[in-house]
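**Student:** Okay, handing you the structure first.
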There are 2 protein chains.
Amino acid sequence: MSDSCFVVRLNRYLDLTPTEKKAVASLEREPRDYPSGSMLWQEGDDLSELLIVHQGWALSESRLPTGKRQILRFHFSGDMIGASGIAFRDAPSSIVAATDMVVCRFPRRALGETFTEHPRLAALFFSISQMESIDLYDRLRALGRSEGKARLANLFLSIAARMRAVSGQHNPVIRIPLTQSDLGDAVGLTQVHVNRLIRQMTEEKLITRNRSTVTLVDEPKLIELARFVDRFSALDSSWFPSPRG
Amino acid sequence: MSDSCFVVRLNRYLDLTPTEKKAVASLEREPRDYPSGSMLWQEGDDLSELLIVHQGWALSESRLPTGKRQILRFHFSGDMIGASGIAFRDAPSSIVAATDMVVCRFPRRALGETFTEHPRLAALFFSISQMESIDLYDRLRALGRSEGKARLANLFLSIAARMRAVSGQHNPVIRIPLTQSDLGDAVGLTQVHVNRLIRQMTEEKLITRNRSTVTLVDEPKLIELARFVDRFSALDSSWFPSPRG
DNA sequence: TAGCAAATATAACATATGTTAATAAATTGA
DNA sequence: TCAATTTATTAACATATGTTATATTTGCTA
């Protein structure tokens, strides 16, 4: 039996007790495979389950009636998907596998039980959801108030930060299995303009891009250009209730 | 003693038990006044408290080193402010009073206690925070994938929706105490361009703006233009734990 | 290995939005 | 009530980004 990557993730923020670990692991059963490109669910679907990403990564996207697409968020190993739709019955965005994936599903109801029996986990889930809000704030600021190059830099850096957190390694080469159109849909630009910007950034020796690989050649300059802040380091658990049992 | 507007808000989504009401109301003590324009806290401040808006409204903003400003979110009566900073010790954005306000503060710790003693409230807080994420998704999509006029329409409609939810009234005239610069900082445009767009929208009989008042003249057309979805209606509580006590 | 589809690259041109600056109008405070 | 400050309005011009179109390259699969 493989390790629960959800436990691994949560344990990064908090020393889970054995009982808590068990409760978390129980959410992560019956892993299923999804090939790259498949749709885990679709905007508007009636939703009663949550997902945990075991392997690979996914993205949530939303389409305007005009056909235009906005990529809202990326989901990596250990991420819980679907919480943002928990307030409603139907999904506010579609989830698409960006690579081959292994995913576990569990019912909303199970989350309710966890909230009852493990208040500290509830606090942790709440905190993680707030971290994600901050990530959204950062993206909002990037989309609203910076130009294309900075937006792209921001995207690359934030993907790198999250993948590095998962892998524990600090590599300037990151695998980003997204086309130029995808990148554009993530940062609000056209494919053509993304192409222009990548060329410029390559000429300026900021990055290199090759197939689905991006190399952060001059990371300090990228960070400055993007005004990037890595939010996903520590977590303040000082207000959490004490673990039960 | 005035009613707790936090109770009023939460009760809109869920029938609170008397015990739960008491617990919520206890978070809302010692109301303080803040004049319009004052700063409730500043980006980077060490943060140990949360706020509940009693009266008036506030906005969170973040500044780029260049001085550019992005308005991230608006806070109305019954809103809890500061949760998004709860994962960290320091505030990720500044909070500014957009009108004269009455605000209550309570320590993070109190939230921990609430999570322990009222799992159903924990689930509710979690859900509300997810609703806010969806609101952010909508704004992200608006900023990334629609043009100025649609962004403004979106802003007006979403403010209207939230104020109407608070007031219970459905009035086409809404008070928006924001300058054109503020509006620009909210939707990622310049003051000059906001001016242009408002003029156009007025000519097209979509809206009217006068001092700090915006009238939604042709709401159906605005909704279509903005592709607006009102997210703040119902809430799925089917997965919540049962109330305690 | 050829052939097809998808992704990338590039160009010419169109447009939304930004910049700067100057004036007018509205608010505010003494 | 008036002066002072903040907002709004408008114009001329600059620029980032979008649009459309066409090659070129890459990757896939038969």
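Chain labels run A, B, ... following the order of the structure tokens; each chain numbers its residues from 1, and ligands are numbered from 1 in the order shown.
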Write down, as an NGL selection string, each residue of chain B that has any atom within 8 Å of an atom of chain A, counting only C-alpha atoms.
**Tutor:** :B and (62 or 64-65 or 68-70 or 72 or 83-89 or 92 or 108-113 or 115-116 or 119-120 or 122-123 or 125-131 or 133-134 or 136-137 or 139-141 or 143-145 or 185-189 or 227 or 234-241)
**Student:** So which bits of stretch 158-235 of chain B end up strand (DSSP E or B) when you DSSP the backbone, as a list in words?
**Tutor:**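 Written out, the strand (DSSP E or B) residues of stretch 158-235 of chain B are Val173, Ile174, Arg175, Ile207, Thr208, Arg209, Asn210, Thr213, Val214, Thr215 and Leu216 of chain B.
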**Student:** Looking at only C-alpha atoms (C1' of nucleotides), which of A:Phe76, A:Ser36, A:Thr208, A:Glu147 is the one that sits closest to chain C?
**Tutor:**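 Of the candidates, the smallest distance to chain C is held by A:Glu147.
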**Student:** Contacts of stretch 26-29 of chain D at 10 Å or less, counting only C-alpha atoms (C1' of nucleotides), minus same-chain residues fewer than 4 places along, as a list of chain:residue names?
**Tutor:**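 Within the cut-off, the hits are A:Arg211, C:DG3, C:DC4, C:DA5, C:DA6, C:DA7, C:DT8.
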**Student:** Sorted by chain and rising residue number, which residues of chain D lie within 10 Å of chain B, and what are their closest atom pairs and distances in Å to one decimal, counting only C-alpha atoms (C1' of nucleotides), as a Markdown table?
**Tutor:**
| residue | atom | partner | partner_atom | distance |
| --- | --- | --- | --- | --- |
| D:DT7 | C1' | B:Thr179 | CA | 7.3 |
| D:DA8 | C1' | B:Asn195 | CA | 7.8 |
| D:DT9 | C1' | B:Asn195 | CA | 7.8 |
| D:DT10 | C1' | B:Arg196 | CA | 9.4 |
**Student:** Taking all heavy atoms for each residue, export the selection above as a short mmCIF file (atom, residue, chain, number, x, y, z; two decimals), in the first residue's frame.
**Tutor:**
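Output below, filename again_17.cif:
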data_model
loop_
_atom_site.label_atom_id
_atom_site.label_comp_id
_atom_site.auth_asym_id
_atom_site.auth_seq_id
_atom_site.Cartn_x
_atom_site.Cartn_y
_atom_site.Cartn_z
P DT D 7 -10.19 61.98 -3.95
OP1 DT D 7 -10.75 60.93 -3.10
OP2 DT D 7 -9.05 61.70 -4.86
"O5'" DT D 7 -11.42 62.61 -4.75
"C5'" DT D 7 -11.80 62.00 -5.80
"C4'" DT D 7 -12.75 62.77 -6.68
"O4'" DT D 7 -12.23 64.05 -7.08
"C3'" DT D 7 -12.84 61.92 -7.92
"O3'" DT D 7 -14.18 61.60 -8.09
"C2'" DT D 7 -12.20 62.76 -9.01
"C1'" DT D 7 -12.35 64.19 -8.46
N1 DT D 7 -11.28 65.11 -8.93
C2 DT D 7 -11.62 66.12 -9.80
O2 DT D 7 -12.75 66.30 -10.22
N3 DT D 7 -10.58 66.94 -10.18
C4 DT D 7 -9.26 66.84 -9.78
O4 DT D 7 -8.41 67.63 -10.18
C5 DT D 7 -8.97 65.75 -8.87
C7 DT D 7 -7.56 65.55 -8.38
C6 DT D 7 -9.98 64.94 -8.49
P DA D 8 -14.49 60.57 -9.30
OP1 DA D 8 -15.82 59.99 -9.05
OP2 DA D 8 -13.33 59.72 -9.54
"O5'" DA D 8 -14.64 61.59 -10.53
"C5'" DA D 8 -15.68 62.53 -10.49
"C4'" DA D 8 -15.62 63.38 -11.73
"O4'" DA D 8 -14.38 64.09 -11.77
"C3'" DA D 8 -15.71 62.60 -13.05
"O3'" DA D 8 -16.73 63.21 -13.81
"C2'" DA D 8 -14.34 62.79 -13.69
"C1'" DA D 8 -13.91 64.12 -13.10
N9 DA D 8 -12.47 64.35 -13.01
C8 DA D 8 -11.55 63.61 -12.32
N7 DA D 8 -10.32 64.08 -12.38
C5 DA D 8 -10.45 65.20 -13.18
C6 DA D 8 -9.52 66.16 -13.63
N6 DA D 8 -8.22 66.12 -13.33
N1 DA D 8 -9.99 67.17 -14.41
C2 DA D 8 -11.29 67.20 -14.70
N3 DA D 8 -12.27 66.37 -14.34
C4 DA D 8 -11.77 65.39 -13.57
P DT D 9 -17.24 62.51 -15.17
OP1 DT D 9 -18.68 62.82 -15.27
OP2 DT D 9 -16.76 61.11 -15.19
"O5'" DT D 9 -16.50 63.32 -16.30
"C5'" DT D 9 -16.66 64.73 -16.37
"C4'" DT D 9 -15.73 65.30 -17.40
"O4'" DT D 9 -14.39 65.29 -16.90
"C3'" DT D 9 -15.68 64.54 -18.73
"O3'" DT D 9 -16.25 65.38 -19.70
"C2'" DT D 9 -14.19 64.28 -18.97
"C1'" DT D 9 -13.53 65.25 -18.01
N1 DT D 9 -12.18 64.89 -17.48
C2 DT D 9 -11.14 65.76 -17.71
O2 DT D 9 -11.24 66.79 -18.33
N3 DT D 9 -9.94 65.36 -17.14
C4 DT D 9 -9.72 64.21 -16.41
O4 DT D 9 -8.61 63.97 -15.96
C5 DT D 9 -10.86 63.36 -16.20
C7 DT D 9 -10.70 62.10 -15.42
C6 DT D 9 -12.02 63.72 -16.75
P DT D 10 -16.67 64.86 -21.15
OP1 DT D 10 -17.75 65.73 -21.66
OP2 DT D 10 -16.86 63.40 -21.10
"O5'" DT D 10 -15.36 65.14 -22.00
"C5'" DT D 10 -14.76 66.42 -21.91
"C4'" DT D 10 -13.39 66.41 -22.52
"O4'" DT D 10 -12.41 65.98 -21.57
"C3'" DT D 10 -13.21 65.47 -23.73
"O3'" DT D 10 -13.20 66.29 -24.88
"C2'" DT D 10 -11.88 64.76 -23.48
"C1'" DT D 10 -11.30 65.50 -22.29
N1 DT D 10 -10.51 64.68 -21.33
C2 DT D 10 -9.26 65.10 -20.96
O2 DT D 10 -8.75 66.12 -21.37
N3 DT D 10 -8.61 64.28 -20.07
C4 DT D 10 -9.10 63.10 -19.54
O4 DT D 10 -8.43 62.44 -18.76
C5 DT D 10 -10.41 62.70 -19.97
C7 DT D 10 -11.02 61.45 -19.47
C6 DT D 10 -11.05 63.50 -20.85
#
**Student:** Using only C-alpha atoms (C1' of nucleotides), determine which residues of chain C fall within 9 Å of chain B; present them as a PyMOL selection string.
**Tutor:** chain C and resi 16-18+26
**Student:** Write the residues you've just listed into a file as a short mmCIF file (atom, residue, chain, number, x, y, z; two decimals), in the first residue's frame, and include C-alpha atoms (C1' of nucleotides) for each of them.
**Tutor:**
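Everything below was put into again_22.cif:
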data_model
loop_
_atom_site.label_atom_id
_atom_site.label_comp_id
_atom_site.auth_asym_id
_atom_site.auth_seq_id
_atom_site.Cartn_x
_atom_site.Cartn_y
_atom_site.Cartn_z
"C1'" DA C 16 -8.09 48.49 -26.33
"C1'" DT C 17 -5.91 50.55 -22.95
"C1'" DG C 18 -2.12 53.45 -20.94
"C1'" DA C 26 -17.31 68.87 -7.18
#
**Student:** Among stretch 82-209 of chain B, which ones does DSSP place in helix (DSSP H, G or I), written as a ChimeraX atom specification?
**Tutor:** /B:83-85,108-117,119-145,148-167,180-187,191-203
